[in-house]
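Undergrad: To be precise about what I am sending: the file is called protein_29.txt and holds compact mmCIF, C-alpha atoms and all ligand atoms.
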# COMPACT_ATOMS: atom_id res chain seq x y z
CA MET Q 1 -70.66 99.39 -79.52
CA ARG Q 2 -67.55 98.07 -81.28
CA ARG Q 3 -64.20 99.64 -80.55
CA CYS Q 4 -61.10 99.68 -82.72
CA ASP Q 5 -57.87 101.59 -83.19
CA VAL Q 6 -58.47 103.00 -86.67
CA VAL Q 7 -61.52 103.33 -88.91
CA VAL Q 8 -61.12 104.11 -92.59
CA VAL Q 9 -64.16 105.84 -94.06
CA GLY Q 10 -64.13 105.54 -97.86
CA LEU Q 11 -62.56 102.55 -99.61
CA GLY Q 12 -61.61 103.82 -103.04
CA LEU Q 13 -58.00 103.19 -103.95
CA MET Q 14 -56.67 105.44 -101.18
CA GLY Q 15 -58.79 104.18 -98.32
CA SER Q 16 -58.38 100.57 -99.47
CA ALA Q 17 -54.61 100.95 -99.57
CA ALA Q 18 -54.64 102.57 -96.11
CA LEU Q 19 -56.79 99.77 -94.69
CA ASP Q 20 -54.53 97.19 -96.31
CA ALA Q 21 -51.45 98.82 -94.78
CA LEU Q 22 -53.07 98.95 -91.34
CA LEU Q 23 -54.30 95.34 -91.39
CA SER Q 24 -50.94 94.13 -92.74
CA ALA Q 25 -49.25 95.82 -89.78
CA GLY Q 26 -51.60 94.08 -87.36
CA VAL Q 27 -53.55 97.23 -86.46
CA ASP Q 28 -57.14 96.73 -85.32
CA ALA Q 29 -58.83 98.55 -88.21
CA ILE Q 30 -62.23 98.61 -89.91
CA GLY Q 31 -63.31 100.19 -93.21
CA PHE Q 32 -66.66 101.57 -94.32
CA ASP Q 33 -67.88 102.11 -97.88
CA PRO Q 34 -71.28 101.54 -99.46
CA LEU Q 35 -69.70 101.04 -102.91
CA GLY Q 36 -67.95 97.90 -104.10
CA PRO Q 37 -65.09 97.55 -106.61
CA ALA Q 38 -67.46 97.06 -109.57
CA SER Q 39 -69.36 100.30 -108.95
CA ASP Q 40 -69.55 103.02 -111.61
CA ARG Q 41 -69.21 105.72 -108.94
CA GLY Q 42 -66.19 107.01 -107.03
CA SER Q 43 -63.00 108.39 -108.56
CA SER Q 44 -61.29 104.99 -108.50
CA HIS Q 45 -63.90 103.14 -110.54
CA GLY Q 46 -63.20 101.59 -113.91
CA SER Q 47 -60.74 99.10 -115.25
CA CYS Q 48 -57.55 101.11 -115.66
CA ARG Q 49 -55.37 104.07 -114.80
CA ILE Q 50 -51.98 105.20 -116.11
CA PHE Q 51 -48.91 104.34 -114.04
CA ARG Q 52 -46.08 106.74 -114.86
CA ARG Q 53 -42.70 106.69 -113.21
CA PHE Q 54 -41.88 110.27 -114.25
CA ASN Q 55 -44.55 112.81 -113.50
CA PHE Q 56 -44.67 116.09 -115.36
CA GLU Q 57 -46.76 117.55 -112.55
CA ASN Q 58 -43.86 117.60 -110.09
CA ASP Q 59 -40.53 115.78 -109.83
CA ASN Q 60 -41.32 115.10 -106.15
CA TYR Q 61 -43.54 112.33 -107.41
CA THR Q 62 -40.80 110.16 -108.91
CA GLY Q 63 -39.86 108.74 -105.51
CA LEU Q 64 -43.52 108.29 -104.70
CA SER Q 65 -44.01 106.36 -107.98
CA ASP Q 66 -41.11 104.08 -107.13
CA GLU Q 67 -42.44 103.47 -103.63
CA ALA Q 68 -45.91 102.77 -105.02
CA HIS Q 69 -44.47 100.43 -107.66
CA ALA Q 70 -42.92 98.36 -104.88
CA GLY Q 71 -46.30 98.31 -103.13
CA TRP Q 72 -48.16 97.18 -106.24
CA THR Q 73 -45.52 94.49 -106.79
CA ARG Q 74 -46.06 93.20 -103.24
CA LEU Q 75 -49.80 93.08 -103.83
CA GLU Q 76 -49.21 91.19 -107.08
CA ALA Q 77 -46.97 88.69 -105.29
CA SER Q 78 -49.50 88.09 -102.52
CA SER Q 79 -52.46 87.73 -104.88
CA GLY Q 80 -50.85 86.04 -107.87
CA GLU Q 81 -52.52 88.64 -110.13
CA SER Q 82 -50.97 91.15 -112.57
CA ILE Q 83 -52.00 94.62 -111.44
CA LEU Q 84 -49.41 96.56 -113.46
CA VAL Q 85 -49.17 95.63 -117.13
CA PRO Q 86 -45.90 97.13 -118.38
CA CYS Q 87 -46.46 99.58 -121.24
CA PRO Q 88 -44.37 102.43 -122.67
CA VAL Q 89 -45.72 105.92 -121.98
CA LEU Q 90 -45.56 108.34 -124.91
CA GLU Q 91 -45.83 112.01 -124.04
CA ALA Q 92 -45.95 114.34 -127.01
CA GLY Q 93 -46.99 117.87 -127.71
CA LEU Q 94 -46.65 121.11 -129.49
CA PRO Q 95 -43.07 122.41 -129.80
CA GLY Q 96 -41.89 123.60 -126.38
CA SER Q 97 -44.41 121.47 -124.45
CA ALA Q 98 -43.72 122.02 -120.74
CA ALA Q 99 -45.12 118.58 -119.87
CA VAL Q 100 -42.81 116.80 -122.30
CA ALA Q 101 -39.85 118.84 -121.06
CA ALA Q 102 -40.69 118.05 -117.42
CA SER Q 103 -40.91 114.30 -118.05
CA HIS Q 104 -37.66 114.45 -119.98
CA ALA Q 105 -35.93 116.29 -117.14
CA ALA Q 106 -37.25 113.85 -114.53
CA ALA Q 107 -36.03 110.83 -116.51
CA ILE Q 108 -32.58 112.34 -116.97
CA ALA Q 109 -32.35 113.43 -113.32
CA ASN Q 110 -33.08 109.85 -112.31
CA GLY Q 111 -30.37 108.37 -114.50
CA ARG Q 112 -32.53 106.99 -117.28
CA PRO Q 113 -31.39 107.05 -120.93
CA ASP Q 114 -32.54 110.10 -122.90
CA PRO Q 115 -36.24 109.37 -123.67
CA THR Q 116 -36.45 111.94 -126.51
CA ARG Q 117 -37.89 110.68 -129.80
CA SER Q 118 -38.58 112.52 -133.03
CA ALA Q 119 -42.12 112.53 -134.38
CA ALA Q 120 -40.87 110.41 -137.29
CA GLU Q 121 -39.49 107.81 -134.88
CA ILE Q 122 -42.81 107.71 -133.01
CA ASN Q 123 -44.85 107.31 -136.20
CA ASP Q 124 -42.52 104.54 -137.29
CA GLN Q 125 -42.54 102.66 -133.97
CA PHE Q 126 -46.28 103.09 -133.36
CA PRO Q 127 -48.05 102.91 -136.75
CA ALA Q 128 -51.40 104.21 -135.42
CA PHE Q 129 -49.74 107.62 -134.89
CA ALA Q 130 -49.28 110.53 -137.28
CA LEU Q 131 -47.57 113.16 -135.13
CA PRO Q 132 -46.59 116.44 -136.85
CA ALA Q 133 -42.90 116.61 -137.70
CA ASP Q 134 -42.14 119.52 -135.36
CA TRP Q 135 -43.69 118.02 -132.21
CA ASP Q 136 -41.69 117.24 -129.07
CA ALA Q 137 -41.95 113.68 -127.77
CA VAL Q 138 -40.56 111.37 -125.11
CA VAL Q 139 -41.20 107.71 -124.42
CA GLN Q 140 -40.67 106.90 -120.79
CA ASP Q 141 -39.92 103.43 -119.54
CA GLY Q 142 -41.21 102.05 -116.25
CA GLY Q 143 -44.82 102.86 -117.19
CA ALA Q 144 -47.76 100.49 -116.95
CA ILE Q 145 -51.48 100.03 -117.29
CA LEU Q 146 -52.68 99.96 -113.70
CA LYS Q 147 -55.65 97.60 -113.39
CA ALA Q 148 -57.56 99.75 -110.92
CA GLU Q 149 -60.68 97.65 -110.45
CA LEU Q 150 -58.62 94.51 -110.00
CA ALA Q 151 -56.50 96.27 -107.38
CA LEU Q 152 -59.65 97.32 -105.53
CA ARG Q 153 -61.02 93.78 -105.66
CA ILE Q 154 -57.81 92.32 -104.28
CA MET Q 155 -57.56 94.82 -101.42
CA ARG Q 156 -61.25 94.40 -100.59
CA ALA Q 157 -60.84 90.60 -100.49
CA ARG Q 158 -57.78 90.91 -98.25
CA ALA Q 159 -59.74 93.07 -95.80
CA GLY Q 160 -62.51 90.45 -95.65
CA GLU Q 161 -64.91 90.99 -92.78
CA ARG Q 162 -63.12 94.15 -91.69
CA VAL Q 163 -65.18 95.98 -94.32
CA ILE Q 164 -68.67 97.22 -93.55
CA ALA Q 165 -70.45 97.99 -96.82
CA GLU Q 166 -72.36 100.99 -95.54
CA ALA Q 167 -72.01 104.76 -95.58
CA ALA Q 168 -70.71 106.17 -92.31
CA ARG Q 169 -70.58 109.55 -90.60
CA ILE Q 170 -68.26 110.73 -87.89
CA ASP Q 171 -69.10 112.14 -84.49
CA PRO Q 172 -65.94 113.14 -82.57
CA ARG Q 173 -66.31 112.60 -78.82
CA SER Q 174 -63.87 112.96 -75.93
CA ALA Q 175 -63.43 109.17 -75.65
CA GLY Q 176 -62.72 108.75 -79.35
CA VAL Q 177 -64.33 109.32 -82.71
CA LEU Q 178 -67.69 107.64 -83.03
CA VAL Q 179 -68.27 106.30 -86.55
CA ARG Q 180 -71.90 105.56 -87.21
CA SER Q 181 -73.48 103.66 -90.06
CA ARG Q 182 -76.94 102.20 -90.50
CA SER Q 183 -76.13 99.04 -88.58
CA GLU Q 184 -72.90 99.76 -86.69
CA ASP Q 185 -71.48 102.20 -84.16
CA VAL Q 186 -67.70 101.98 -83.86
CA LEU Q 187 -65.60 104.02 -81.44
CA ALA Q 188 -62.15 104.58 -82.93
CA GLN Q 189 -59.00 106.27 -81.68
CA ARG Q 190 -58.24 107.58 -85.18
CA VAL Q 191 -60.28 107.92 -88.35
CA ILE Q 192 -58.94 108.18 -91.90
CA LEU Q 193 -61.31 110.06 -94.19
CA ALA Q 194 -60.54 108.92 -97.74
CA LEU Q 195 -63.75 110.18 -99.27
CA GLY Q 196 -62.57 111.34 -102.69
CA PRO Q 197 -65.02 113.95 -104.02
CA TRP Q 198 -67.21 113.51 -100.95
CA LEU Q 199 -64.56 114.72 -98.49
CA SER Q 200 -66.20 118.09 -97.89
CA ARG Q 201 -69.43 116.33 -96.87
CA ALA Q 202 -67.61 115.18 -93.73
CA LEU Q 203 -65.49 118.32 -93.32
CA PRO Q 204 -67.23 121.28 -95.01
CA GLU Q 205 -64.29 123.63 -94.36
CA ILE Q 206 -61.98 121.63 -96.62
CA GLY Q 207 -64.28 122.50 -99.49
CA SER Q 208 -62.66 125.95 -99.61
CA VAL Q 209 -59.51 124.44 -101.19
CA LEU Q 210 -61.10 121.71 -103.32
CA ASN Q 211 -62.80 121.83 -106.69
CA VAL Q 212 -64.65 118.75 -107.93
CA THR Q 213 -64.90 118.49 -111.70
CA ARG Q 214 -66.67 116.18 -114.12
CA GLN Q 215 -64.43 114.23 -116.50
CA ALA Q 216 -65.72 112.50 -119.62
CA VAL Q 217 -64.18 109.24 -120.82
CA GLY Q 218 -64.79 107.39 -124.10
CA TRP Q 219 -63.89 104.12 -125.78
CA PHE Q 220 -63.32 104.58 -129.52
CA ARG Q 221 -63.63 101.93 -132.23
CA PRO Q 222 -60.17 102.02 -133.83
CA ALA Q 223 -59.93 102.56 -137.57
CA ARG Q 224 -57.01 100.12 -137.68
CA PRO Q 225 -57.50 97.65 -134.81
CA GLU Q 226 -54.24 95.84 -135.44
CA THR Q 227 -52.27 99.03 -134.67
CA VAL Q 228 -53.75 99.72 -131.22
CA LEU Q 229 -53.00 96.46 -129.45
CA PRO Q 230 -50.66 96.29 -126.46
CA GLY Q 231 -47.10 95.94 -127.70
CA GLN Q 232 -47.79 98.08 -130.79
CA PHE Q 233 -49.39 101.05 -129.09
CA PRO Q 234 -48.31 103.01 -126.03
CA ILE Q 235 -50.17 104.72 -123.27
CA PHE Q 236 -50.26 108.25 -124.67
CA ILE Q 237 -50.56 111.77 -123.29
CA LEU Q 238 -50.86 114.54 -125.87
CA ASP Q 239 -50.21 118.09 -124.71
CA LEU Q 240 -52.30 120.17 -127.11
CA GLY Q 241 -51.88 123.49 -125.31
CA ILE Q 242 -53.10 125.14 -122.13
CA ASP Q 243 -55.82 123.08 -120.42
CA ASN Q 244 -56.00 120.80 -123.44
CA THR Q 245 -54.46 117.42 -122.77
CA VAL Q 246 -55.75 114.13 -124.13
CA TYR Q 247 -54.65 110.72 -122.89
CA GLY Q 248 -55.42 107.13 -123.72
CA PHE Q 249 -54.56 103.45 -123.56
CA PRO Q 250 -53.93 100.57 -125.94
CA ASP Q 251 -56.96 98.35 -126.54
CA PHE Q 252 -55.99 95.84 -123.88
CA GLU Q 253 -59.59 94.82 -123.14
CA GLN Q 254 -60.90 94.36 -126.72
CA ARG Q 255 -63.24 97.18 -125.93
CA GLY Q 256 -61.81 99.93 -128.11
CA VAL Q 257 -59.24 102.61 -127.35
CA LYS Q 258 -60.00 104.30 -124.04
CA ALA Q 259 -59.24 108.00 -124.42
CA ALA Q 260 -60.26 111.14 -122.55
CA PRO Q 261 -59.57 114.83 -122.05
CA HIS Q 262 -57.49 115.59 -118.99
CA ASN Q 263 -58.41 119.27 -118.90
CA HIS Q 264 -60.62 119.90 -115.93
CA GLY Q 265 -64.28 119.71 -116.82
CA ARG Q 266 -67.03 121.77 -115.25
CA THR Q 267 -67.34 122.05 -111.48
CA VAL Q 268 -69.94 119.68 -110.07
CA ASP Q 269 -71.24 118.28 -106.81
CA ALA Q 270 -69.87 114.92 -105.61
CA ASP Q 271 -73.24 113.29 -106.31
CA ASP Q 272 -73.46 114.60 -109.91
CA TRP Q 273 -72.65 111.54 -112.03
CA GLU Q 274 -75.28 112.05 -114.73
CA PRO Q 275 -75.78 112.46 -117.64
CA PRO Q 276 -73.46 110.08 -119.49
CA ALA Q 277 -70.50 111.73 -121.25
CA THR Q 278 -71.71 113.71 -124.25
CA ASP Q 279 -70.31 113.99 -127.77
CA ALA Q 280 -69.44 117.62 -126.99
CA GLU Q 281 -67.38 116.60 -123.94
CA LEU Q 282 -65.48 114.05 -126.02
CA ALA Q 283 -65.09 116.27 -129.10
CA THR Q 284 -61.51 117.41 -128.38
CA THR Q 285 -60.53 113.79 -127.78
CA ALA Q 286 -62.18 112.54 -130.98
CA ASP Q 287 -60.54 115.38 -132.89
CA ALA Q 288 -57.10 114.66 -131.40
CA LEU Q 289 -57.38 110.97 -132.32
CA ALA Q 290 -58.45 111.82 -135.88
CA ARG Q 291 -55.59 114.26 -136.37
CA PHE Q 292 -52.71 112.68 -134.48
CA ILE Q 293 -53.60 108.98 -133.93
CA PRO Q 294 -55.74 108.10 -136.95
CA GLY Q 295 -55.32 104.36 -136.38
CA ALA Q 296 -57.19 104.74 -133.09
CA ALA Q 297 -59.90 107.12 -134.31
CA GLY Q 298 -63.49 106.07 -134.83
CA PRO Q 299 -67.00 106.10 -133.42
CA ILE Q 300 -67.54 106.17 -129.67
CA LEU Q 301 -68.43 102.69 -128.40
CA GLU Q 302 -68.79 103.34 -124.65
CA ARG Q 303 -68.82 106.34 -122.36
CA ASP Q 304 -68.11 106.99 -118.72
CA VAL Q 305 -67.99 109.87 -116.27
CA CYS Q 306 -65.53 110.20 -113.41
CA LEU Q 307 -64.83 113.03 -110.97
CA TYR Q 308 -61.52 114.73 -110.26
CA THR Q 309 -61.07 116.43 -106.90
CA ASN Q 310 -58.60 119.21 -107.60
CA THR Q 311 -56.78 121.04 -104.87
CA LEU Q 312 -56.46 124.80 -105.32
CA PRO Q 313 -52.93 126.23 -105.59
CA ALA Q 314 -51.47 126.81 -102.13
CA ASP Q 315 -50.68 130.33 -100.93
CA ARG Q 316 -47.84 129.44 -98.53
CA ARG Q 317 -45.54 127.48 -100.86
CA PRO Q 318 -45.01 127.12 -104.60
CA ASP Q 319 -47.56 124.61 -105.77
CA SER Q 320 -48.86 123.60 -109.20
CA GLY Q 321 -52.40 123.16 -107.88
CA ALA Q 322 -52.33 119.51 -108.90
CA GLU Q 323 -51.00 118.43 -105.52
CA PHE Q 324 -52.61 116.16 -102.97
CA ILE Q 325 -53.68 116.69 -99.37
CA ILE Q 326 -52.51 113.92 -97.04
CA ASP Q 327 -52.44 115.12 -93.46
CA ARG Q 328 -53.97 115.27 -90.03
CA TRP Q 329 -56.97 117.52 -89.66
CA ARG Q 330 -57.34 120.22 -86.99
CA ASP Q 331 -58.67 117.50 -84.72
CA PRO Q 332 -55.56 115.33 -85.12
CA ARG Q 333 -57.56 112.16 -84.56
CA LEU Q 334 -58.88 112.70 -88.08
CA ILE Q 335 -56.57 112.03 -91.04
CA ILE Q 336 -57.60 113.19 -94.47
CA ALA Q 337 -56.67 112.20 -97.99
CA SER Q 338 -57.50 114.11 -101.13
CA PRO Q 339 -55.18 112.63 -103.73
CA CYS Q 340 -57.38 112.91 -106.77
CA SER Q 341 -56.27 115.68 -109.08
CA GLY Q 342 -56.45 113.20 -111.93
CA HIS Q 343 -53.18 111.47 -111.20
CA GLY Q 344 -53.44 109.90 -107.75
CA ALA Q 345 -54.34 106.30 -108.51
CA LYS Q 346 -50.83 105.13 -109.33
CA PHE Q 347 -49.59 106.24 -105.91
CA ALA Q 348 -52.21 104.41 -103.83
CA PRO Q 349 -49.88 102.02 -101.97
CA ALA Q 350 -47.51 104.89 -101.08
CA ILE Q 351 -50.37 107.16 -100.03
CA GLY Q 352 -52.06 104.36 -98.09
CA ALA Q 353 -48.82 103.78 -96.20
CA ARG Q 354 -48.65 107.49 -95.30
CA LEU Q 355 -52.26 107.53 -94.14
CA ALA Q 356 -51.71 104.43 -92.01
CA ARG Q 357 -48.60 105.95 -90.47
CA LEU Q 358 -50.33 109.26 -89.74
CA ALA Q 359 -52.95 107.23 -87.87
CA THR Q 360 -50.52 105.15 -85.84
CA ASP Q 361 -47.33 107.19 -85.33
CA PRO Q 362 -47.89 110.52 -83.54
CA ASN Q 363 -44.37 111.71 -84.43
CA TYR Q 364 -44.75 111.16 -88.15
CA GLU Q 365 -45.25 114.07 -90.55
CA VAL Q 366 -45.77 113.78 -94.31
CA GLU Q 367 -43.75 115.70 -96.87
CA PRO Q 368 -44.48 119.47 -96.73
CA PHE Q 369 -46.06 119.56 -100.19
CA PHE Q 370 -48.82 117.25 -98.94
CA GLN Q 371 -49.50 119.17 -95.75
CA LEU Q 372 -52.58 121.28 -95.16
CA SER Q 373 -50.45 124.05 -93.70
CA ARG Q 374 -49.49 125.06 -97.23
CA TYR Q 375 -52.80 126.92 -97.15
CA SER Q 376 -52.93 129.89 -94.80
CA ALA Q 377 -56.53 128.97 -93.97
CA PHE Q 378 -55.20 125.80 -92.28
CA ALA Q 379 -51.73 126.92 -91.12
C1 LIG Q 401 -61.34 110.02 -115.33
C2 LIG Q 401 -60.22 109.84 -114.37
C3 LIG Q 401 -59.00 109.40 -114.85
C4 LIG Q 401 -57.92 109.26 -114.00
N1 LIG Q 401 -56.75 108.80 -114.51
C5 LIG Q 401 -55.72 108.56 -113.68
C6 LIG Q 401 -54.53 107.98 -114.19
O1 LIG Q 401 -54.44 107.66 -115.37
N2 LIG Q 401 -53.52 107.76 -113.33
C7 LIG Q 401 -53.60 108.06 -112.01
O2 LIG Q 401 -52.64 107.83 -111.28
N3 LIG Q 401 -54.74 108.61 -111.49
C8 LIG Q 401 -55.78 108.86 -112.29
N4 LIG Q 401 -56.94 109.39 -111.80
C9 LIG Q 401 -57.02 109.77 -110.39
C10 LIG Q 401 -57.33 108.62 -109.48
O3 LIG Q 401 -58.27 107.76 -110.05
C11 LIG Q 401 -57.76 109.18 -108.14
O4 LIG Q 401 -56.68 109.91 -107.61
C12 LIG Q 401 -58.15 108.12 -107.15
O5 LIG Q 401 -59.03 107.20 -107.71
C13 LIG Q 401 -58.78 108.76 -105.92
O6 LIG Q 401 -59.14 107.75 -105.04
P1 LIG Q 401 -59.82 108.07 -103.66
O7 LIG Q 401 -59.79 106.80 -102.89
O8 LIG Q 401 -59.21 109.28 -103.06
O9 LIG Q 401 -61.33 108.48 -104.02
P2 LIG Q 401 -62.59 107.60 -104.44
O10 LIG Q 401 -62.19 106.50 -105.32
O11 LIG Q 401 -63.64 108.53 -104.93
O12 LIG Q 401 -63.06 106.93 -103.09
C14 LIG Q 401 -63.88 107.59 -102.17
C15 LIG Q 401 -64.79 106.56 -101.56
O13 LIG Q 401 -65.48 107.16 -100.46
C16 LIG Q 401 -66.72 106.50 -100.39
N5 LIG Q 401 -67.63 107.28 -99.55
C17 LIG Q 401 -68.20 108.47 -99.82
N6 LIG Q 401 -68.98 108.87 -98.79
C18 LIG Q 401 -68.88 107.87 -97.85
C19 LIG Q 401 -69.42 107.70 -96.56
N7 LIG Q 401 -70.22 108.62 -95.98
N8 LIG Q 401 -69.12 106.58 -95.87
C20 LIG Q 401 -68.30 105.64 -96.40
N9 LIG Q 401 -67.74 105.75 -97.62
C21 LIG Q 401 -68.03 106.87 -98.34
C22 LIG Q 401 -67.16 106.40 -101.83
O14 LIG Q 401 -68.17 105.40 -101.97
C23 LIG Q 401 -65.87 106.06 -102.53
O15 LIG Q 401 -65.72 104.67 -102.75
C24 LIG Q 401 -58.05 109.55 -112.62
C25 LIG Q 401 -59.28 109.96 -112.12
C26 LIG Q 401 -60.36 110.11 -112.97
C27 LIG Q 401 -61.67 110.57 -112.40
Turn the structure described in the file into structure tokens.
TA:
Amino acid sequence: MRRCDVVVVGLGLMGSAALDALLSAGVDAIGFDPLGPASDRGSSHGSCRIFRRFNFENDNYTGLSDEAHAGWTRLEASSGESILVPCPVLEAGLPGSAAVAASHAAAIANGRPDPTRSAAEINDQFPAFALPADWDAVVQDGGAILKAELALRIMRARAGERVIAEAARIDPRSAGVLVRSRSEDVLAQRVILALGPWLSRALPEIGSVLNVTRQAVGWFRPARPETVLPGQFPIFILDLGIDNTVYGFPDFEQRGVKAAPHNHGRTVDADDWEPPATDAELATTADALARFIPGAAGPILERDVCLYTNTLPADRRPDSGAEFIIDRWRDPRLIIASPCSGHGAKFAPAIGARLARLATDPNYEVEPFFQLSRYSAFA
């Protein structure tokens, strides 16, 4: 039986970043995951995610974005690859949009110039857009297209033979936590469970505060291709009312405009990845493109499905319900990560660093809004 200090089970963006942080610090660590970076499963799969510096979900995340940005930059420097492709982030919505107001407030609080733009200014700067005159809008700087699959590939390559490409299960014992896969038994002092939507398979009790939802994604053939290229077209997030947000990217892959609804889809099981995204699931997105970004609207070229793992609102502190869980479990040898309420990817280096520290520094505690004790069931 192998022995090591820390095992990471699950190597999506969070587990990969945690393993990278551990190995970089010289910790004897091993990771398990049956999926590779090119898989079409797991919440981290696919070519891109939005990197925002200012997060309408919670201003606590601005510092986390900055920390993560530094981490991505280090990974870029060590690999020679561009993981973050700078891109303005347009957030726009119906008059009084809380999301637009929150991003505006975060930018101002952090000393940035006023990001407010009129709809006319947006339509002029980005010719694919036709925003209604009375809409609120901001364009935040510091945003980027995060090349998620590339980041996974780089971290996987850096981990080299420390990765075992098999599913694993845990078996806590008095001498350590036994991690068992088809071909390996590893006895670890600490185990990080970064299992995305599969977390409650390992720890069924955590399922009481998680809700896994199916999210449809589409690539649309733009009506005016010249208007949706990087440099002419921002990352966009349109706030169309309660539970109706649509986001998308410039056509940076010559694949069409990737756009999707951010409202939480139906609750599913972590193994429910079929069927492919339907026209009905992409209807609000197609409609939003046709009405507000006509240059990007057109037939659906490709489809994808991804899963969000949403935390339920906490009952022991104010919480938007879009927060993450990054903490030790009841058995403190187990560390858990559930940072997937649709906006976790950008923070992976910062979250990986927290997971690594929870596994190696017994005196370290994460910020209270990440802790499990915000739920009375786990206090
Ligand atoms: C459609 C969509 C769009 C998103 N857009 C954005 C965005 O624009 N910006 C942003 O910041 N975030 C975004 N997110 C959120 C972000 O992608 C997630 O927060 C992040 O990918 C979660 O990563 P993870 O490592 O926690 O989970 P996952 O990537 O799901 O990783 C879990 C891993 O655990 C592995 N696993 C499962 N069971 C086992 C086992 N028994 N043994 C070993 N391994 C196992 C799986 O194979 C998987 O690789 C989006 C998410 C989705 C679904």
Undergrad: For region 198-211 of chain Q, work out the shell of residues within 7 Å, counting all atoms listed in the file and skipping chain neighbours fewer than 2 positions away, then give it as a short mmCIF file (atom, residue, chain, number, x, y, z; two decimals) with C-alpha atoms, in the coordinates of the input.
TA:
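Okay, part-v6.cif is ready:
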data_model
loop_
_atom_site.label_atom_id
_atom_site.label_comp_id
_atom_site.auth_asym_id
_atom_site.auth_seq_id
_atom_site.Cartn_x
_atom_site.Cartn_y
_atom_site.Cartn_z
CA LEU Q 195 -63.75 110.18 -99.27
CA GLY Q 196 -62.57 111.34 -102.69
CA THR Q 213 -64.90 118.49 -111.70
CA THR Q 267 -67.34 122.05 -111.48
CA ALA Q 270 -69.87 114.92 -105.61
CA THR Q 309 -61.07 116.43 -106.90
CA ASN Q 310 -58.60 119.21 -107.60
CA THR Q 311 -56.78 121.04 -104.87
CA LEU Q 312 -56.46 124.80 -105.32
#
Undergrad: Let me have the centre and edge lengths of the axis-aligned box enclosing all listed atoms of ligand LIG 401 (chain Q) with 8 Å padding on every side, in Å to one decimal, as AutoDock Vina command-line options.
TA:
--center_x -61.4 --center_y 107.6 --center_z -105.6 --size_x 33.6 --size_y 21.9 --size_z 35.5
Undergrad: Could you tell me how far CA of Gly46 (chain Q) sits from atom C24 of ligand LIG 401 (chain Q), in Å to one decimal place?
TA: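 Computing it gives 9.6 Å between the two atoms.
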Undergrad: Interatomic distance between CA of Ala21 (chain Q) and CA of Ala151 (chain Q)?
TA: 13.8 Å
Undergrad: Any residue with an atom at most 6 Å from ligand LIG 401 (chain Q) counts, using all atoms listed in the file. Which are they? Put them as a count of residues only.
TA: 38
Undergrad: Any idea what the distance is between CA of Ser97 (chain Q) and CA of Ile237 (chain Q)?
TA: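 So the answer is 11.5 Å.
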Undergrad: Please list as JSON, numbers by chain every residue within 8 Å of Arg2 (chain Q), counting only C-alpha atoms and excluding residues in the same chain fewer than 4 positions away.
TA: {"Q": [184, 185, 186, 187]}
Undergrad: May I have the selected residues written with C-alpha atoms, as a compact mmCIF listing (two decimals), keeping the file's coordinate frame?
TA:
# COMPACT_ATOMS: atom_id res chain seq x y z
CA GLU Q 184 -72.90 99.76 -86.69
CA ASP Q 185 -71.48 102.20 -84.16
CA VAL Q 186 -67.70 101.98 -83.86
CA LEU Q 187 -65.60 104.02 -81.44
Undergrad: So that I can check the surroundings of Trp273 (chain Q), please list as a ChimeraX atom specification every protein, DNA and RNA residue that reaches within 8 Å of it, counting all atoms listed in the file and ignoring chain neighbours fewer than 6 positions away.
TA: /Q:41,214,305-306
Undergrad: Taking (-53.2, 94.2, -123.7) in the file's own coordinates, collect the residues within 10 Å, counting only C-alpha atoms, and hand them back as a list in words.
TA: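 Checking each residue against the 10 Å limit leaves Val85, Pro86, Cys87, Ile145, Val228, Leu229, Pro230, Gly231, Gln232, Phe233, Phe249, Pro250, Asp251, Phe252, Glu253 and Gln254 of chain Q.
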Undergrad: Within 8 Å of Leu90 (chain Q), counting all atoms listed in the file, which residues qualify if same-chain residues fewer than 4 places away don't, as number ranges by chain?
TA: Q: 137-140, 234-237
Undergrad: For each of Q:Thr227, Q:Ser118, Q:Ser24, Q:Thr360, take the minimum atom-to-atom distance to Gly256 (chain Q), counting only C-alpha atoms, then give the residue where this is smallest.
TA: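 With only C-alpha atoms as the atom set, the closest residue is Q:Thr227.
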Undergrad: So, with only C-alpha atoms as the atoms that count, which of Q:Gly295, Q:Gly71, Q:Gly26, Q:Gly218 lies closest to Phe126 (chain Q)?
TA: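 So, comparing all the options, the nearest one is Q:Gly295.
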Undergrad: Compare Q:Ser373, Q:Asp304, Q:Ile242, Q:Phe292 by their minimum atom-to-atom distance to Ser39 (chain Q), counting all atoms listed in the file, and give me the closest one.
TA: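 For Ser39 (chain Q), the nearest of the candidates is Q:Asp304.
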Undergrad: Write out as a list in words which residues come within 12 Å of region 112-115 of chain Q when counting only C-alpha atoms, dropping same-chain ones fewer than 2 positions away.
TA: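 Near region 112-115 of chain Q, the qualifying residues are Arg53, Phe54, Pro88, Val89, Leu90, Glu91, Ala92, Val100, Ala101, Ala102, Ser103, His104, Ala105, Ala106, Ala107, Ile108, Ala109, Asn110, Arg117, Ser118, Glu121, Ile122, Asp136, Ala137, Val138, Val139, Gln140, Asp141 and Gly142 of chain Q.
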